[in-house]
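Undergrad: Have a look at this one before I ask anything.
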Protein chains: 2
Amino acid sequence: MNYPSKLIGDAVAEFKKLPGIGEKTALRLVLHLLKQDSAKVENFSSVIATMRSQTKFCITCHNISDNTTCSVCANPMRDKGSVCIVETIREVIAIENTGVYNGTYHVLNGLISPLNGITPDQLNIDSLISRIREQEVKEVIMALSPTIDGDTTIFYISKKVQSLGVQITSIARGISFGGELEYTDELTLGRSIATRMPYESYLVKN
Amino acid sequence: MNYPSKLIGDAVAEFKKLPGIGEKTALRLVLHLLKQDSAKVENFSSVIATMRSQTKFCITCHNISDNTTCSVCANPMRDKGSVCIVETIREVIAIENTGVYNGTYHVLNGLISPLNGITPDQLNIDSLISRIREQEVKEVIMALSPTIDGDTTIFYISKKVQSLGVQITSIARGISFGGELEYTDELTLGRSIATRMPYESYLVKN
């Protein structure tokens, strides 16, 4: 598409680079910003730049943070004996927003994926091992996606961690609350019967 | 939602202000930018800010422009005798990209809408009238949406313009190329039969 102004064309091209944003949406966003006060757009632009340049990653768990240690690791009330292993920061945010977990995290920053050429040394696995060795970690919770890559990563980490004497658990798999049995895939339904849990623990979760 | 970093939370809040972008999408965009090179994000941010601060509006037709006169009005090859009236810059871009129109534009920057309190004096109508008076405008093409507001605006402008001795036309309404007769609404189909055109003009348009 051609634009009557190079400035507009450049801005559309920048928005188009973002995931899930095509040319028409990019133009809509640009024309929206063009209608806003100069100060608001200036603020938008500077907040984004500051976010990229000043966001740090926690030296312990690799979570995003405003300081060198993230708010979870710095919190003395959090149980340092429990480490929840997640793929990205997104899962940290999701789990934190449930408000039920009081332990710490470890962000792998990806999953082992032989097909995509991602090997264990590209992930934050070494720092996990030294963390378990140095701190008093009692439990490692695997909170990874149930995909081939996720299962490969769980298998690799559990092999590495086993000898260190920590308990390895996984988040519960089963029918989601509000999920209809009828429409659940066979694997999940089958496994949810095989790994059925005492009625009391079901009540606690509610 | 709570975010482990205030910087991330602020950036998400900024993206959320854009039309059609919710919290989850905003977070996805922010985490995407966080993974990019600093220089790239810096560039994204500065292009947006420059776009807002430096984009000008053409003094003649109110189209966006890098200068005080837009590329259409500044082009000596364009037919200044023909003025196409559109609601926003978006329609200018759309018509320009068809490559079939060789005249000029006039961006109203909205439509007359009594229900939304938008009166003719809030739109670029006065500048249109003086343009017709001062320049040799022979034809005014109404390219507005066929809504109540669009029809009101067309009616108002045509009343104002009639006495100035210019020809008033409207873009053709009918079945779109590729549109199926069966699924066309009754009004469009009925009008397209009533306002049928010579077969020769159909061929020309192809």
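Chain labels A, B, ... are given in the sequence in which chains occur in the structure tokens; within each chain residues are numbered consecutively from 1, and ligands are likewise numbered from 1 in the order shown.
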Counting only C-alpha atoms, collect the residues of chain B whose closest atom lies at most 6 Å from chain A, and write them out as a ChimeraX atom specification.
TA: /B:5,7,11,14,34,42,44-45,47-49,51-52,65-66
Undergrad: Hey, can you spit out that residue selection with N, CA and C atoms as a compact mmCIF listing (two decimals), in the first residue's frame?
TA:
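Written out: selection_28.txt:
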# COMPACT_ATOMS: atom_id res chain seq x y z
N SER B 5 6.88 -6.54 36.95
CA SER B 5 7.69 -5.34 36.74
C SER B 5 6.76 -4.18 36.42
N LEU B 7 7.54 -1.51 34.86
CA LEU B 7 7.82 -1.06 33.49
C LEU B 7 6.97 -1.84 32.49
N ALA B 11 3.85 -0.45 30.10
CA ALA B 11 3.86 -0.64 28.65
C ALA B 11 2.57 -1.34 28.22
N GLU B 14 -0.22 1.10 28.14
CA GLU B 14 -0.17 1.98 26.97
C GLU B 14 -0.75 1.29 25.72
N LEU B 34 10.13 -6.96 24.10
CA LEU B 34 11.17 -7.21 25.10
C LEU B 34 12.24 -8.16 24.57
N GLU B 42 13.95 0.95 20.12
CA GLU B 42 14.22 2.39 20.11
C GLU B 42 13.69 3.01 18.82
N PHE B 44 11.32 1.73 16.78
CA PHE B 44 9.85 1.65 16.83
C PHE B 44 9.30 2.87 17.55
N SER B 45 9.85 3.10 18.74
CA SER B 45 9.37 4.17 19.59
C SER B 45 9.57 5.55 18.95
N VAL B 47 9.96 6.28 15.70
CA VAL B 47 9.16 6.44 14.47
C VAL B 47 7.73 6.87 14.83
N ILE B 48 7.17 6.27 15.89
CA ILE B 48 5.81 6.61 16.31
C ILE B 48 5.75 8.06 16.78
N ALA B 49 6.73 8.45 17.60
CA ALA B 49 6.73 9.81 18.13
C ALA B 49 6.91 10.83 17.01
N MET B 51 6.17 10.42 13.85
CA MET B 51 4.95 10.41 13.04
C MET B 51 3.95 11.41 13.61
N ARG B 52 3.73 11.34 14.94
CA ARG B 52 2.73 12.23 15.53
C ARG B 52 3.16 13.69 15.50
N SER B 65 0.17 14.72 5.23
CA SER B 65 1.23 15.13 4.33
C SER B 65 2.52 15.33 5.10
N ASP B 66 3.65 15.21 4.42
CA ASP B 66 4.93 15.52 5.06
C ASP B 66 5.22 17.01 4.96
Undergrad: Could you list, as a ChimeraX atom specification, every residue within 9 Å of region 81-84 of chain A, counting only C-alpha atoms and ignoring same-chain residues fewer than 3 positions away?
TA: /A:78,92,102-107,132,135-143
Undergrad: Which neighbours of Thr60 (chain A) fall inside 8 Å, counting only C-alpha atoms, when residues of the same chain fewer than 5 positions from it are skipped, and could you give them as an MDAnalysis selection string?
TA: chainID A and resid 69 73 106 127 131
Undergrad: Might you pull out every residue within 10 Å of Arg133 (chain A), with only C-alpha atoms counted and same-chain residues fewer than 6 positions away left off, and present them as a list in words?
TA: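 The residues satisfying every condition are Ser127, Val161, Leu164, Gly165 and Val166 of chain A.
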Undergrad: Near Gln122 (chain B), within 10 Å and counting only C-alpha atoms, which residues show up once chain neighbours fewer than 2 positions away are dropped, as a JSON list (two decimals) with N, CA and C atoms, in the first residue's frame?
TA:
[["chain", "number", "residue", "atom", "x", "y", "z"],
["B", 108, "LEU", "N", -13.21, 15.65, 4.82],
["B", 108, "LEU", "CA", -14.13, 16.38, 5.71],
["B", 108, "LEU", "C", -13.75, 16.22, 7.18],
["B", 109, "ASN", "N", -13.08, 15.12, 7.50],
["B", 109, "ASN", "CA", -12.73, 14.79, 8.87],
["B", 109, "ASN", "C", -13.96, 14.48, 9.73],
["B", 110, "GLY", "N", -14.87, 13.72, 9.15],
["B", 110, "GLY", "CA", -16.08, 13.32, 9.86],
["B", 110, "GLY", "C", -17.31, 13.49, 8.98],
["B", 111, "LEU", "N", -18.46, 13.18, 9.57],
["B", 111, "LEU", "CA", -19.74, 13.34, 8.86],
["B", 111, "LEU", "C", -20.68, 14.14, 9.76],
["B", 112, "ILE", "N", -21.59, 14.87, 9.15],
["B", 112, "ILE", "CA", -22.60, 15.58, 9.94],
["B", 112, "ILE", "C", -23.43, 14.54, 10.69],
["B", 117, "GLY", "N", -24.02, 15.09, 17.86],
["B", 117, "GLY", "CA", -23.68, 16.49, 18.09],
["B", 117, "GLY", "C", -22.61, 17.03, 17.15],
["B", 118, "ILE", "N", -22.45, 16.41, 15.99],
["B", 118, "ILE", "CA", -21.44, 16.92, 15.04],
["B", 118, "ILE", "C", -22.15, 17.77, 13.98],
["B", 119, "THR", "N", -21.86, 19.06, 14.04],
["B", 119, "THR", "CA", -22.51, 20.02, 13.14],
["B", 119, "THR", "C", -21.57, 20.36, 11.98],
["B", 120, "PRO", "N", -22.13, 20.93, 10.89],
["B", 120, "PRO", "CA", -21.32, 21.23, 9.71],
["B", 120, "PRO", "C", -20.09, 22.09, 10.00],
["B", 124, "ASN", "N", -14.60, 20.16, 7.67],
["B", 124, "ASN", "CA", -13.90, 21.02, 6.71],
["B", 124, "ASN", "C", -14.79, 21.36, 5.51],
["B", 125, "ILE", "N", -15.94, 22.00, 5.78],
["B", 125, "ILE", "CA", -16.87, 22.32, 4.69],
["B", 125, "ILE", "C", -16.63, 23.74, 4.18],
["B", 126, "ASP", "N", -16.35, 24.66, 5.10],
["B", 126, "ASP", "CA", -16.09, 26.04, 4.67],
["B", 126, "ASP", "C", -14.91, 26.12, 3.71]]
Undergrad: I need the helix (DSSP H, G or I) residues of chain A per DSSP on the backbone, written as a ChimeraX atom specification.
TA: /A:6-16,23-35,38-54,71-74,89-98,114-116,120-122,126-134,148-162,181-183,186-194,199-205
Undergrad: Rounded to one decimal in Å, what is the spacing between CA of Ile85 (chain B) and CA of Ile168 (chain B)?
TA: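 Interatomic distance here is 10.5 Å.
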Undergrad: Step one, run DSSP on the backbone; step two, keep only residues of region 139-183 of chain B assigned to strand (DSSP E or B); then write them as a PyMOL selection string.
TA: chain B and resi 139-142+167-170
Undergrad: Write a file of the just-selected residues containing N, CA and C atoms, as a short mmCIF file (atom, residue, chain, number, x, y, z; two decimals), in the first residue's frame.
TA:
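Result saved to again_7.cif:
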data_model
loop_
_atom_site.label_atom_id
_atom_site.label_comp_id
_atom_site.auth_asym_id
_atom_site.auth_seq_id
_atom_site.Cartn_x
_atom_site.Cartn_y
_atom_site.Cartn_z
N GLU B 139 -16.13 19.53 -10.96
CA GLU B 139 -16.92 18.39 -10.49
C GLU B 139 -16.60 18.07 -9.03
N VAL B 140 -17.65 17.79 -8.28
CA VAL B 140 -17.49 17.37 -6.88
C VAL B 140 -18.03 15.95 -6.79
N ILE B 141 -17.15 15.00 -6.42
CA ILE B 141 -17.58 13.60 -6.33
C ILE B 141 -17.82 13.24 -4.87
N MET B 142 -19.01 12.80 -4.54
CA MET B 142 -19.33 12.41 -3.17
C MET B 142 -18.91 10.95 -2.96
N GLN B 167 -20.64 20.43 -11.12
CA GLN B 167 -21.40 19.19 -11.28
C GLN B 167 -21.22 18.33 -10.03
N ILE B 168 -22.31 17.79 -9.51
CA ILE B 168 -22.20 16.93 -8.33
C ILE B 168 -22.44 15.49 -8.74
N THR B 169 -21.49 14.61 -8.45
CA THR B 169 -21.68 13.19 -8.75
C THR B 169 -21.47 12.38 -7.48
N SER B 170 -21.81 11.10 -7.56
CA SER B 170 -21.58 10.21 -6.42
C SER B 170 -20.89 8.95 -6.95
#
